[in-house]
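This is coords24.tsv. It holds TSV, C-alpha atoms.
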chain	number	residue	atom	x	y	z
A	1	MET	CA	103.37	-26.37	39.27
A	2	PRO	CA	99.63	-27.21	39.71
A	3	LYS	CA	97.36	-26.71	36.73
A	4	ALA	CA	94.66	-24.04	36.98
A	5	ARG	CA	91.17	-25.46	36.63
A	6	ILE	CA	88.67	-23.59	34.46
A	7	ALA	CA	86.09	-23.61	37.30
A	8	SER	CA	88.40	-22.74	40.19
A	9	LEU	CA	88.19	-19.53	42.21
A	10	ALA	CA	91.44	-18.38	40.63
A	11	GLN	CA	89.60	-17.88	37.32
A	12	PRO	CA	87.43	-14.81	36.59
A	13	CYS	CA	84.30	-16.93	35.99
A	14	ASP	CA	83.00	-20.50	35.99
A	15	GLY	CA	84.38	-21.93	32.76
A	16	LEU	CA	82.39	-25.16	32.95
A	17	LEU	CA	79.14	-23.19	33.21
A	18	ILE	CA	80.00	-21.22	30.07
A	19	ILE	CA	81.10	-24.34	28.19
A	20	ALA	CA	77.86	-26.19	29.02
A	21	ALA	CA	75.65	-23.23	28.03
A	22	LEU	CA	77.49	-22.55	24.76
A	23	SER	CA	77.55	-26.25	23.86
A	24	LEU	CA	73.78	-26.50	24.34
A	25	LEU	CA	73.18	-23.31	22.33
A	26	LEU	CA	75.30	-24.44	19.38
A	27	THR	CA	73.95	-27.99	19.50
A	28	GLY	CA	70.45	-26.56	19.45
A	29	TRP	CA	71.21	-24.44	16.39
A	30	VAL	CA	72.56	-27.46	14.51
A	31	MET	CA	69.64	-29.69	15.47
A	32	VAL	CA	66.97	-27.05	14.77
A	33	THR	CA	68.52	-26.62	11.32
A	34	SER	CA	68.41	-30.35	10.73
A	35	ALA	CA	64.87	-30.82	12.11
A	36	SER	CA	63.26	-27.87	10.33
A	37	THR	CA	64.53	-27.97	6.74
A	38	GLU	CA	61.61	-29.90	5.27
A	39	VAL	CA	58.98	-28.01	7.25
A	40	ALA	CA	60.55	-24.65	6.36
A	41	SER	CA	60.77	-25.60	2.70
A	42	GLY	CA	57.11	-26.58	2.63
A	43	LEU	CA	55.93	-23.45	4.45
A	44	THR	CA	58.20	-20.76	3.03
A	45	GLY	CA	60.13	-22.26	0.12
A	46	ASN	CA	63.40	-21.61	2.01
A	47	PRO	CA	64.72	-24.73	3.78
A	48	TYR	CA	66.89	-22.60	6.07
A	49	TYR	CA	64.17	-20.17	7.13
A	50	PHE	CA	63.92	-21.46	10.70
A	51	SER	CA	67.69	-22.02	10.88
A	52	ILE	CA	68.43	-18.38	10.02
A	53	ARG	CA	65.87	-17.11	12.52
A	54	HIS	CA	67.18	-19.46	15.20
A	55	GLY	CA	70.73	-18.28	14.51
A	56	ILE	CA	69.57	-14.70	15.08
A	57	PHE	CA	67.88	-15.81	18.30
A	58	VAL	CA	71.13	-17.47	19.44
A	59	LEU	CA	73.05	-14.22	18.86
A	60	VAL	CA	70.35	-12.25	20.69
A	61	SER	CA	70.50	-14.76	23.56
A	62	MET	CA	74.29	-14.45	23.84
A	63	THR	CA	74.01	-10.66	23.73
A	64	ALA	CA	71.37	-10.76	26.47
A	65	ALA	CA	73.65	-12.95	28.61
A	66	ILE	CA	76.52	-10.48	28.22
A	67	LEU	CA	74.36	-7.43	28.96
A	68	VAL	CA	72.64	-9.00	31.98
A	69	SER	CA	75.99	-10.11	33.39
A	70	ARG	CA	76.97	-6.41	33.49
A	71	VAL	CA	74.00	-5.42	35.66
A	72	PRO	CA	74.72	-5.43	39.43
A	73	LEU	CA	72.66	-7.82	41.52
A	74	ALA	CA	71.63	-4.87	43.69
A	75	TRP	CA	69.47	-3.63	40.81
A	76	TRP	CA	67.62	-6.96	40.59
A	77	ARG	CA	67.22	-7.08	44.36
A	78	VAL	CA	65.70	-3.59	44.59
A	79	ASN	CA	63.41	-4.06	41.57
A	80	GLY	CA	62.16	-7.55	42.46
A	81	PRO	CA	58.62	-6.41	43.45
A	82	PHE	CA	58.38	-4.27	40.31
A	83	LEU	CA	59.46	-7.20	38.12
A	84	LEU	CA	56.80	-9.35	39.80
A	85	LEU	CA	54.17	-6.80	38.75
A	86	VAL	CA	55.62	-6.79	35.22
A	87	GLY	CA	55.27	-10.58	35.04
A	88	MET	CA	51.65	-10.45	36.23
A	89	ALA	CA	50.86	-7.61	33.82
A	90	LEU	CA	52.25	-9.59	30.88
A	91	LEU	CA	50.20	-12.67	31.80
A	92	LEU	CA	47.09	-10.53	32.08
A	93	LEU	CA	47.85	-8.64	28.86
A	94	VAL	CA	48.28	-11.85	26.87
A	95	LEU	CA	44.77	-12.89	27.90
A	96	LEU	CA	43.36	-9.60	26.59
A	97	VAL	CA	45.29	-8.97	23.37
A	98	GLY	CA	47.46	-12.05	22.96
A	99	ARG	CA	47.85	-14.06	19.79
A	100	GLU	CA	46.13	-17.46	19.72
A	101	VAL	CA	48.02	-20.42	18.23
A	102	ASN	CA	46.73	-24.01	18.31
A	103	GLY	CA	44.01	-23.10	20.79
A	104	SER	CA	46.34	-21.40	23.29
A	105	ARG	CA	46.71	-17.66	23.84
A	106	ARG	CA	50.31	-17.35	25.02
A	107	TRP	CA	52.05	-14.85	22.75
A	108	LEU	CA	52.20	-11.06	22.44
A	109	SER	CA	52.89	-9.45	19.08
A	110	ILE	CA	55.16	-6.44	19.59
A	111	PRO	CA	55.32	-3.87	16.75
A	112	GLY	CA	58.77	-3.70	15.21
A	113	VAL	CA	59.92	-6.97	16.81
A	114	PRO	CA	60.32	-9.92	14.38
A	115	PHE	CA	59.07	-12.53	16.85
A	116	ASN	CA	56.21	-13.03	19.29
A	117	LEU	CA	56.94	-12.65	22.99
A	118	GLN	CA	55.80	-15.58	25.14
A	119	ALA	CA	54.65	-13.95	28.38
A	120	SER	CA	55.15	-17.01	30.57
A	121	GLU	CA	58.89	-17.14	29.76
A	122	VAL	CA	59.42	-13.59	31.01
A	123	ALA	CA	57.15	-14.24	34.01
A	124	LYS	CA	59.40	-17.11	35.12
A	125	LEU	CA	62.41	-14.82	35.38
A	126	CYS	CA	60.38	-12.13	37.16
A	127	LEU	CA	59.06	-14.66	39.68
A	128	ILE	CA	62.52	-16.06	40.43
A	129	THR	CA	63.93	-12.58	41.03
A	130	TYR	CA	61.13	-11.64	43.41
A	131	MET	CA	61.35	-14.95	45.29
A	132	ALA	CA	65.11	-14.56	45.83
A	133	GLY	CA	64.54	-11.12	47.37
A	134	TYR	CA	61.63	-12.39	49.46
A	135	LEU	CA	63.67	-15.24	50.90
A	136	GLU	CA	66.51	-12.87	51.71
A	137	ARG	CA	64.17	-10.57	53.65
A	138	PHE	CA	62.04	-13.17	55.43
A	139	LEU	CA	64.31	-16.21	55.73
A	140	PRO	CA	63.88	-16.76	59.52
A	141	GLN	CA	60.09	-16.36	59.25
A	142	VAL	CA	59.88	-18.77	56.28
A	143	ARG	CA	61.54	-21.42	58.41
A	144	THR	CA	59.33	-20.92	61.45
A	145	GLU	CA	56.01	-19.30	60.48
A	146	TRP	CA	53.23	-20.66	58.28
A	147	GLY	CA	52.25	-17.17	57.13
A	148	ALA	CA	55.64	-16.34	55.65
A	149	PHE	CA	55.72	-19.79	54.04
A	150	LEU	CA	52.28	-19.45	52.44
A	151	ARG	CA	52.64	-15.92	51.02
A	152	PRO	CA	54.79	-17.02	48.06
A	153	LEU	CA	52.33	-19.83	47.38
A	154	MET	CA	49.51	-17.28	47.17
A	155	ILE	CA	51.52	-15.43	44.52
A	156	ILE	CA	52.17	-18.59	42.53
A	157	ALA	CA	48.45	-19.40	42.80
A	158	LEU	CA	47.67	-16.09	41.11
A	159	PHE	CA	50.25	-16.79	38.41
A	160	ALA	CA	48.81	-20.27	37.94
A	161	LEU	CA	45.28	-18.92	37.58
A	162	LEU	CA	46.37	-16.56	34.79
A	163	LEU	CA	48.33	-19.34	33.08
A	164	ILE	CA	45.41	-21.79	33.25
A	165	PHE	CA	43.23	-19.32	31.35
A	166	GLU	CA	45.75	-19.27	28.45
A	167	PRO	CA	46.07	-22.33	28.93
A	168	ASP	CA	49.73	-23.15	29.68
A	169	TYR	CA	49.83	-26.00	32.18
A	170	GLY	CA	53.49	-26.75	31.54
A	171	ALA	CA	54.47	-23.28	32.77
A	172	VAL	CA	52.27	-23.79	35.85
A	173	VAL	CA	54.15	-26.97	36.72
A	174	VAL	CA	57.56	-25.37	36.16
A	175	MET	CA	56.81	-22.22	38.18
A	176	THR	CA	55.18	-24.12	41.04
A	177	GLY	CA	58.05	-26.58	41.21
A	178	CYS	CA	60.55	-23.72	41.17
A	179	VAL	CA	58.90	-21.84	44.04
A	180	MET	CA	58.50	-25.00	46.11
A	181	GLY	CA	62.13	-25.92	45.43
A	182	MET	CA	63.36	-22.48	46.48
A	183	LEU	CA	61.38	-22.71	49.72
A	184	LEU	CA	62.86	-26.14	50.36
A	185	MET	CA	66.38	-24.87	49.67
A	186	ALA	CA	65.68	-22.04	52.13
A	187	GLY	CA	65.15	-24.57	54.91
A	188	ALA	CA	61.35	-24.64	55.23
A	189	PRO	CA	60.16	-27.72	57.20
A	190	PHE	CA	59.61	-30.73	54.98
A	191	ILE	CA	56.32	-31.68	56.64
A	192	ARG	CA	54.71	-28.58	55.13
A	193	PHE	CA	55.51	-29.81	51.65
A	194	LEU	CA	53.92	-33.18	52.38
A	195	LEU	CA	50.70	-31.51	53.51
A	196	LEU	CA	50.62	-29.29	50.43
A	197	LEU	CA	51.36	-32.24	48.17
A	198	VAL	CA	48.07	-33.86	49.11
A	199	GLY	CA	46.09	-30.70	48.30
A	200	VAL	CA	47.94	-29.98	45.06
A	201	GLY	CA	47.58	-33.60	43.99
A	202	ALA	CA	43.81	-33.53	44.53
A	203	LEU	CA	43.51	-30.23	42.64
A	204	GLY	CA	45.66	-31.53	39.80
A	205	PHE	CA	43.51	-34.64	39.51
A	206	TYR	CA	40.37	-32.53	39.27
A	207	ILE	CA	41.90	-30.26	36.61
A	208	ALA	CA	43.06	-33.30	34.64
A	209	ILE	CA	39.60	-34.85	34.38
A	210	ALA	CA	37.62	-31.58	34.09
A	211	GLU	CA	38.16	-31.28	30.32
A	212	PRO	CA	37.84	-34.16	27.82
A	213	TYR	CA	41.03	-33.25	25.91
A	214	ARG	CA	43.09	-33.39	29.12
A	215	LEU	CA	41.69	-36.80	29.98
A	216	ALA	CA	42.46	-37.94	26.44
A	217	ARG	CA	46.07	-36.84	26.90
A	218	LEU	CA	46.34	-38.88	30.08
A	219	THR	CA	44.86	-41.99	28.54
A	220	SER	CA	47.00	-41.66	25.41
A	221	PHE	CA	50.06	-41.21	27.62
A	222	ALA	CA	49.28	-44.48	29.40
A	223	ASP	CA	48.86	-46.39	26.10
A	224	PRO	CA	49.68	-44.20	23.06
A	225	TRP	CA	49.52	-47.14	20.63
A	226	ALA	CA	45.84	-47.66	21.40
A	227	ASP	CA	45.03	-44.47	19.48
A	228	GLN	CA	48.21	-43.87	17.56
A	229	PHE	CA	46.60	-41.80	14.77
A	230	ALA	CA	44.75	-39.37	17.08
A	231	SER	CA	45.54	-38.50	20.71
A	232	GLY	CA	48.63	-40.73	20.80
A	233	TYR	CA	50.07	-39.56	17.48
A	234	GLN	CA	52.82	-37.24	18.75
A	235	LEU	CA	54.11	-39.68	21.33
A	236	THR	CA	54.12	-42.70	19.02
A	237	GLN	CA	56.03	-40.76	16.36
A	238	ALA	CA	58.55	-39.64	18.98
A	239	LEU	CA	58.99	-43.21	20.21
A	240	ILE	CA	59.56	-44.37	16.64
A	241	ALA	CA	62.30	-41.74	16.35
A	242	TYR	CA	63.96	-43.09	19.49
A	243	GLY	CA	63.75	-46.63	18.19
A	244	ARG	CA	65.29	-45.73	14.84
A	245	GLY	CA	68.25	-43.99	16.51
A	246	HIS	CA	69.75	-47.11	18.11
A	247	TRP	CA	73.23	-46.55	19.60
A	248	LEU	CA	74.90	-44.19	17.14
A	249	GLY	CA	71.95	-42.72	15.24
A	250	LEU	CA	71.16	-42.41	11.55
A	251	GLY	CA	73.56	-39.51	11.08
A	252	LEU	CA	73.09	-35.76	11.16
A	253	GLY	CA	70.33	-34.72	8.75
A	254	ASN	CA	69.08	-38.26	8.14
A	255	SER	CA	66.03	-38.25	10.38
A	256	VAL	CA	62.90	-39.71	8.80
A	257	GLN	CA	60.44	-38.64	11.50
A	258	LYS	CA	61.10	-34.96	10.84
A	259	LEU	CA	59.64	-35.42	7.33
A	260	PHE	CA	56.15	-34.31	8.42
A	261	TYR	CA	55.66	-37.37	10.66
A	262	LEU	CA	56.67	-35.86	14.01
A	263	PRO	CA	54.78	-32.63	14.77
A	264	GLU	CA	56.78	-29.75	16.27
A	265	ALA	CA	60.03	-31.54	15.47
A	266	HIS	CA	62.14	-28.37	15.82
A	267	THR	CA	60.39	-27.04	18.94
A	268	ASP	CA	58.82	-29.29	21.58
A	269	PHE	CA	60.16	-32.61	20.20
A	270	VAL	CA	63.65	-31.64	19.09
A	271	PHE	CA	65.14	-34.11	21.56
A	272	ALA	CA	63.49	-36.99	19.68
A	273	VAL	CA	65.25	-35.83	16.50
A	274	ILE	CA	68.53	-35.67	18.42
A	275	ALA	CA	68.03	-39.28	19.54
A	276	GLU	CA	67.17	-40.41	16.00
A	277	GLU	CA	70.10	-38.70	14.29
A	278	LEU	CA	72.78	-38.92	17.00
A	279	GLY	CA	71.62	-42.08	18.72
A	280	LEU	CA	71.75	-43.03	22.38
A	281	PHE	CA	75.24	-41.62	22.83
A	282	GLY	CA	74.25	-38.25	21.39
A	283	ALA	CA	71.10	-38.07	23.52
A	284	VAL	CA	73.02	-38.99	26.67
A	285	ALA	CA	75.65	-36.35	25.82
A	286	VAL	CA	72.93	-33.68	25.65
A	287	VAL	CA	71.50	-34.84	28.98
A	288	GLY	CA	75.03	-34.70	30.37
A	289	LEU	CA	75.41	-31.08	29.23
A	290	PHE	CA	72.18	-30.18	31.01
A	291	ALA	CA	73.35	-32.02	34.13
A	292	LEU	CA	76.65	-30.12	34.04
A	293	LEU	CA	74.90	-26.78	33.58
A	294	ILE	CA	72.47	-27.40	36.45
A	295	TYR	CA	75.23	-28.72	38.72
A	296	ARG	CA	77.38	-25.64	38.10
A	297	ALA	CA	74.35	-23.38	38.73
A	298	PHE	CA	73.78	-25.05	42.10
A	299	LYS	CA	77.51	-24.82	42.78
A	300	VAL	CA	77.46	-21.08	42.09
A	301	GLY	CA	74.47	-20.71	44.42
A	302	ARG	CA	76.09	-22.73	47.19
A	303	ARG	CA	79.27	-20.67	46.95
A	304	ALA	CA	77.21	-17.48	47.22
A	305	GLU	CA	75.35	-18.85	50.24
A	306	LEU	CA	78.62	-19.65	52.02
A	307	ALA	CA	79.82	-16.13	51.19
A	308	GLN	CA	76.76	-14.69	53.01
A	309	LEU	CA	75.05	-13.53	49.81
A	310	PRO	CA	71.52	-14.96	50.23
A	311	PHE	CA	69.88	-13.09	47.34
A	312	ALA	CA	72.54	-14.30	44.92
A	313	ALA	CA	72.28	-17.84	46.29
A	314	TYR	CA	68.51	-18.19	45.97
A	315	LEU	CA	68.54	-16.52	42.57
A	316	SER	CA	70.99	-19.18	41.37
A	317	TYR	CA	68.94	-21.97	42.94
A	318	GLY	CA	65.79	-20.68	41.23
A	319	ILE	CA	67.45	-20.54	37.81
A	320	ALA	CA	68.85	-24.05	38.25
A	321	LEU	CA	65.41	-25.35	39.24
A	322	VAL	CA	63.64	-23.70	36.28
A	323	ILE	CA	66.13	-24.93	33.68
A	324	GLY	CA	66.33	-28.37	35.25
A	325	SER	CA	62.59	-28.92	35.65
A	326	GLN	CA	61.78	-27.63	32.16
A	327	ALA	CA	64.47	-29.80	30.57
A	328	PHE	CA	63.31	-32.84	32.53
A	329	ILE	CA	59.65	-32.32	31.60
A	330	ASN	CA	60.44	-31.81	27.91
A	331	ILE	CA	62.57	-34.94	27.69
A	332	ALA	CA	60.14	-36.96	29.82
A	333	VAL	CA	57.24	-35.96	27.55
A	334	SER	CA	59.04	-36.98	24.36
A	335	THR	CA	60.05	-40.34	25.89
A	336	GLY	CA	56.54	-41.10	27.20
A	337	MET	CA	57.32	-40.65	30.89
A	338	LEU	CA	54.87	-37.73	31.25
A	339	PRO	CA	51.72	-36.60	29.42
A	340	THR	CA	52.22	-34.26	26.47
A	341	LYS	CA	52.85	-30.60	27.40
A	342	GLY	CA	53.86	-27.66	25.27
A	343	LEU	CA	57.26	-26.89	26.82
A	344	THR	CA	60.42	-26.02	24.94
A	345	LEU	CA	63.81	-27.52	25.73
A	346	PRO	CA	65.87	-24.66	27.24
A	347	LEU	CA	68.76	-23.41	25.07
A	348	LEU	CA	67.96	-26.05	22.44
A	349	SER	CA	64.45	-25.70	21.02
A	350	TYR	CA	63.43	-23.17	18.41
A	351	GLY	CA	61.87	-20.07	19.94
A	352	GLY	CA	62.95	-16.48	20.47
A	353	SER	CA	61.35	-15.92	23.89
A	354	SER	CA	62.75	-19.10	25.38
A	355	LEU	CA	66.27	-18.42	24.12
A	356	LEU	CA	66.17	-14.77	25.19
A	357	VAL	CA	65.10	-15.57	28.76
A	358	SER	CA	67.48	-18.54	28.97
A	359	GLY	CA	70.33	-16.25	27.91
A	360	ALA	CA	69.32	-13.72	30.57
A	361	MET	CA	69.34	-16.50	33.18
A	362	ILE	CA	72.85	-17.58	32.17
A	363	GLY	CA	73.93	-13.94	32.39
A	364	LEU	CA	72.51	-13.72	35.92
A	365	LEU	CA	74.42	-16.84	36.93
A	366	LEU	CA	77.62	-15.32	35.58
A	367	ARG	CA	76.92	-12.12	37.52
A	368	VAL	CA	76.29	-14.07	40.72
A	369	ASP	CA	79.52	-15.98	40.18
A	370	SER	CA	81.47	-12.77	39.55
A	371	GLU	CA	80.17	-10.93	42.62
A	372	THR	CA	80.66	-14.01	44.79
A	373	ARG	CA	84.29	-14.34	43.71
A	374	GLN	CA	84.84	-10.65	44.48
A	375	ALA	CA	83.28	-11.07	47.93
A	376	ILE	CA	85.47	-14.11	48.67
A	377	ARG	CA	88.61	-12.25	47.61
A	378	ARG	CA	87.70	-9.28	49.84
A	379	ALA	CA	87.06	-11.60	52.78
A	380	SER	CA	90.32	-13.52	52.24
A	381	PRO	CA	93.22	-11.02	52.10
A	382	ALA	CA	96.34	-12.21	50.31
A	383	ALA	CA	99.23	-13.47	52.36
A	384	PRO	CA	102.17	-11.05	52.94
A	385	ARG	CA	104.72	-10.93	50.15
A	386	SER	CA	107.54	-11.93	52.46
A	387	ASP	CA	105.72	-15.17	53.29
A	388	SER	CA	105.14	-15.92	49.62
A	389	ARG	CA	108.82	-15.27	48.77
A	390	THR	CA	109.91	-17.49	51.65
A	391	THR	CA	107.54	-20.23	50.50
A	392	SER	CA	108.74	-20.03	46.90
A	393	SER	CA	112.43	-20.10	47.92
A	394	ARG	CA	111.77	-23.16	50.11
A	395	ALA	CA	110.06	-24.84	47.19
A	396	ARG	CA	113.01	-24.15	44.89
A	397	SER	CA	115.51	-25.45	47.44
A	398	ALA	CA	113.44	-28.61	47.93

Represent the structure from my file as structure tokens, please.
Amino acid sequence: MPKARIASLAQPCDGLLIIAALSLLLTGWVMVTSASTEVASGLTGNPYYFSIRHGIFVLVSMTAAILVSRVPLAWWRVNGPFLLLVGMALLLLVLLVGREVNGSRRWLSIPGVPFNLQASEVAKLCLITYMAGYLERFLPQVRTEWGAFLRPLMIIALFALLLIFEPDYGAVVVMTGCVMGMLLMAGAPFIRFLLLLVGVGALGFYIAIAEPYRLARLTSFADPWADQFASGYQLTQALIAYGRGHWLGLGLGNSVQKLFYLPEAHTDFVFAVIAEELGLFGAVAVVGLFALLIYRAFKVGRRAELAQLPFAAYLSYGIALVIGSQAFINIAVSTGMLPTKGLTLPLLSYGGSSLLVSGAMIGLLLRVDSETRQAIRRASPAAPRSDSRTTSSRARSA
């Protein structure tokens, strides 16, 4: 008798997707607890202050995933334009009444809510939902007409303008990459992307050198040790953490860099603490979990595309691209592959908004998977019982 696989169509949902998401969530809780004890003790007197809050965020994230997975995709499809307006309104509102932290105005304080809402996190989900509906409606035109191809880029340009005023350049990169990736997955001609790459590259170069602090980040990224106590401080401390980890790490809770050496150890640079305490094998295992999650998300999208469910397919592709690009950028920044950006590691870093939206994205993937499986079962009627009895009797006789 063949064994049932946890990700096969015979199962009610993609088990590997759930395992990867839960493993990342729980690993993040453990590592945030380890990375934040000294900072929390110094700031609040309670070494588990951030751990308790993160645990609450994890529960809220799991609840959001469950609730979102119960919402039919038809609701998201119909309300895509409205959600796009909600995302723009939040980005505009944060510029007017947002809370400023470390020179950036990215957060909204909501009365009665025990955490600040990061508008760009919600805007990502809103943009993905709208883009999936847009590609479903105008797929032939996107593949053949420049106008249909450029309209989404005009929307992302407006999003980028609002994000630059915050400023939040990491979110600009993630959203732009997501939209471009969704257009590519939709079958838009590759030559268009090459032409746009030249223009975007020139604009990015101008933005990078327009402000002294951005140029300092680029130069410190190229040689962080040249100014290791100023612009290169974060990166050099992260690299020291990687070097101390070796193969097996120093052991859980034994990180030295988290002791006020590495800034934002439980948020933007939590992966460096993972590498220091769990070593190369632990860091590679976390990367493997992200790879599994992103692979299963693309698999869910591809299955939906083959089942003639374009909205579900492009929604899955967009979620996979957002999680994958944000995880890659965060890890690349902490390892010195990219200039420093303020991006959290999805499902791992401390932060209520990031975990809440990530949970909602996982819930959407589960909903896509569920509706796709239902569509496949409806399109593939079961064989007659007589045939199945004949087959089983033949098998027993053999």

Identify, on the basis of all atoms listed in the file, every residue whose closest approach to Ile191 in chain A does not exceed 12 Å; exclude the query and any residue fewer than 6 positions from it along the same chain; express the result as a PyMOL selection string. chain A and resi 143+146+184+197-198

For Val300 in chain A, list every protein, DNA or RNA residue within 7 Å, evaluated using all atoms listed in the file, and leave out those in the same chain fewer than 4 positions away; present the list as a PyMOL selection string. chain A and resi 296+304+316+369

Can you work out the spacing between CA of His266 in chain A and CA of Pro47 in chain A in Å, to one decimal? 12.8 Å

Skipping near chain neighbours, those fewer than 5 positions away, what residues fall within 7 Å of Ala238 in chain A using only C-alpha atoms, listed as a list of chain:residue names? A:Leu262, A:Ala272, A:Ser334

Neighbours of point (47.9, -18.5, 37.1) within 12 Å, using all atoms listed in the file, written as a PyMOL selection string: chain A and resi 87-92+95+119-120+123-124+153-176

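Summary of the local environment: counting all atoms listed in the file, residues at most 10 Å from Met361 in chain A, other than itself and those fewer than 2 positions away along its chain, are Ser61, Ala64, Ala65, Val68, Ser69, Leu125, Ile128, Leu315, Ser316, Gly318, Ile319, Ala320, Val322, Ile323, Leu355, Leu356, Val357, Ser358, Gly359, Gly363, Leu364, Leu365, Leu366 and Arg367 of chain A.
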
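Atom pair CA of Gly251 in chain A / CA of Val287 in chain A: separated by 18.6 Å.
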
Straight-line distance linking CA of Asp14 in chain A with CA of Ile52 in chain A, stated in Å to one decimal: 29.9 Å

Nearby residues (all atoms listed in the file) at most 10 Å from range 291-295 of chain A, same-chain spacing under 5 positions excluded, as a PDB file with C-alpha atoms, keeping the file's coordinate frame:
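The resulting around-v2.pdb:
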ATOM      1  CA  LEU A  16      82.390 -25.160  32.950  1.00  0.00           C
ATOM      2  CA  LEU A  17      79.140 -23.190  33.210  1.00  0.00           C
ATOM      3  CA  ILE A  18      80.000 -21.220  30.070  1.00  0.00           C
ATOM      4  CA  ILE A  19      81.100 -24.340  28.190  1.00  0.00           C
ATOM      5  CA  ALA A  20      77.860 -26.190  29.020  1.00  0.00           C
ATOM      6  CA  ALA A  21      75.650 -23.230  28.030  1.00  0.00           C
ATOM      7  CA  LEU A  24      73.780 -26.500  24.340  1.00  0.00           C
ATOM      8  CA  ALA A 285      75.650 -36.350  25.820  1.00  0.00           C
ATOM      9  CA  VAL A 286      72.930 -33.680  25.650  1.00  0.00           C
ATOM     10  CA  VAL A 300      77.460 -21.080  42.090  1.00  0.00           C
ATOM     11  CA  GLY A 301      74.470 -20.710  44.420  1.00  0.00           C
ATOM     12  CA  SER A 316      70.990 -19.180  41.370  1.00  0.00           C
ATOM     13  CA  TYR A 317      68.940 -21.970  42.940  1.00  0.00           C
ATOM     14  CA  ILE A 319      67.450 -20.540  37.810  1.00  0.00           C
ATOM     15  CA  ALA A 320      68.850 -24.050  38.250  1.00  0.00           C
ATOM     16  CA  LEU A 321      65.410 -25.350  39.240  1.00  0.00           C
ATOM     17  CA  VAL A 322      63.640 -23.700  36.280  1.00  0.00           C
ATOM     18  CA  ILE A 323      66.130 -24.930  33.680  1.00  0.00           C
ATOM     19  CA  GLY A 324      66.330 -28.370  35.250  1.00  0.00           C
ATOM     20  CA  ALA A 327      64.470 -29.800  30.570  1.00  0.00           C
ATOM     21  CA  ILE A 362      72.850 -17.580  32.170  1.00  0.00           C
TER      22      ILE A 362
END

Please write as a ChimeraX atom specification the list of polymer residues whose atoms come within 12 Å of (67.3, -6.9, 41.8), counting all atoms listed in the file and keeping to the coordinates of the file. /A:68,71-84,125-134,136,311-312,315,364,367-368

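Of the residues under consideration (A:Asn116, A:Pro263, A:Pro111, A:Phe281), A:Asn116 shows the shortest atom-to-atom contact distance to Arg99 in chain A when counting all atoms listed in the file.
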
In terms of the shortest atom-to-atom distance over only C-alpha atoms, which of A:Glu371, A:Asp268, A:Glu145, A:Glu277 is closest to Leu348 in chain A? A:Asp268

Box centre and edge lengths (Å, one decimal), axis-aligned, range 145-152 of chain A plus 3 Å each side, as AutoDock Vina command-line options:
--center_x 54.1 --center_y -18.3 --center_z 54.3 --size_x 9.8 --size_y 10.7 --size_z 18.4

Please rebuild range 309-320 of chain A with N, CA and C atoms and give the result as a PDB file, keeping the file's coordinate frame.
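Result went into rebuild.pdb, see below:
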ATOM      1  N   LEU A 309      75.761 -14.285  50.835  1.00  0.00           N
ATOM      2  CA  LEU A 309      75.050 -13.530  49.810  1.00  0.00           C
ATOM      3  C   LEU A 309      73.743 -14.260  49.501  1.00  0.00           C
ATOM      4  N   PRO A 310      72.735 -14.145  50.377  1.00  0.00           N
ATOM      5  CA  PRO A 310      71.520 -14.960  50.230  1.00  0.00           C
ATOM      6  C   PRO A 310      70.738 -14.662  48.956  1.00  0.00           C
ATOM      7  N   PHE A 311      70.625 -13.398  48.563  1.00  0.00           N
ATOM      8  CA  PHE A 311      69.880 -13.090  47.340  1.00  0.00           C
ATOM      9  C   PHE A 311      70.514 -13.770  46.139  1.00  0.00           C
ATOM     10  N   ALA A 312      71.833 -13.666  46.033  1.00  0.00           N
ATOM     11  CA  ALA A 312      72.540 -14.300  44.920  1.00  0.00           C
ATOM     12  C   ALA A 312      72.371 -15.818  44.957  1.00  0.00           C
ATOM     13  N   ALA A 313      72.397 -16.389  46.159  1.00  0.00           N
ATOM     14  CA  ALA A 313      72.280 -17.840  46.290  1.00  0.00           C
ATOM     15  C   ALA A 313      70.913 -18.339  45.828  1.00  0.00           C
ATOM     16  N   TYR A 314      69.847 -17.716  46.325  1.00  0.00           N
ATOM     17  CA  TYR A 314      68.510 -18.190  45.970  1.00  0.00           C
ATOM     18  C   TYR A 314      68.148 -17.860  44.528  1.00  0.00           C
ATOM     19  N   LEU A 315      68.726 -16.801  43.989  1.00  0.00           N
ATOM     20  CA  LEU A 315      68.540 -16.520  42.570  1.00  0.00           C
ATOM     21  C   LEU A 315      69.147 -17.634  41.728  1.00  0.00           C
ATOM     22  N   SER A 316      70.338 -18.080  42.087  1.00  0.00           N
ATOM     23  CA  SER A 316      70.990 -19.180  41.370  1.00  0.00           C
ATOM     24  C   SER A 316      70.205 -20.481  41.511  1.00  0.00           C
ATOM     25  N   TYR A 317      69.725 -20.757  42.727  1.00  0.00           N
ATOM     26  CA  TYR A 317      68.940 -21.970  42.940  1.00  0.00           C
ATOM     27  C   TYR A 317      67.664 -21.949  42.079  1.00  0.00           C
ATOM     28  N   GLY A 318      67.004 -20.785  42.029  1.00  0.00           N
ATOM     29  CA  GLY A 318      65.790 -20.680  41.230  1.00  0.00           C
ATOM     30  C   GLY A 318      66.034 -20.918  39.760  1.00  0.00           C
ATOM     31  N   ILE A 319      67.113 -20.345  39.230  1.00  0.00           N
ATOM     32  CA  ILE A 319      67.450 -20.540  37.810  1.00  0.00           C
ATOM     33  C   ILE A 319      67.760 -22.008  37.542  1.00  0.00           C
ATOM     34  N   ALA A 320      68.531 -22.626  38.426  1.00  0.00           N
ATOM     35  CA  ALA A 320      68.850 -24.050  38.250  1.00  0.00           C
ATOM     36  C   ALA A 320      67.583 -24.903  38.258  1.00  0.00           C
TER      37      ALA A 320
END
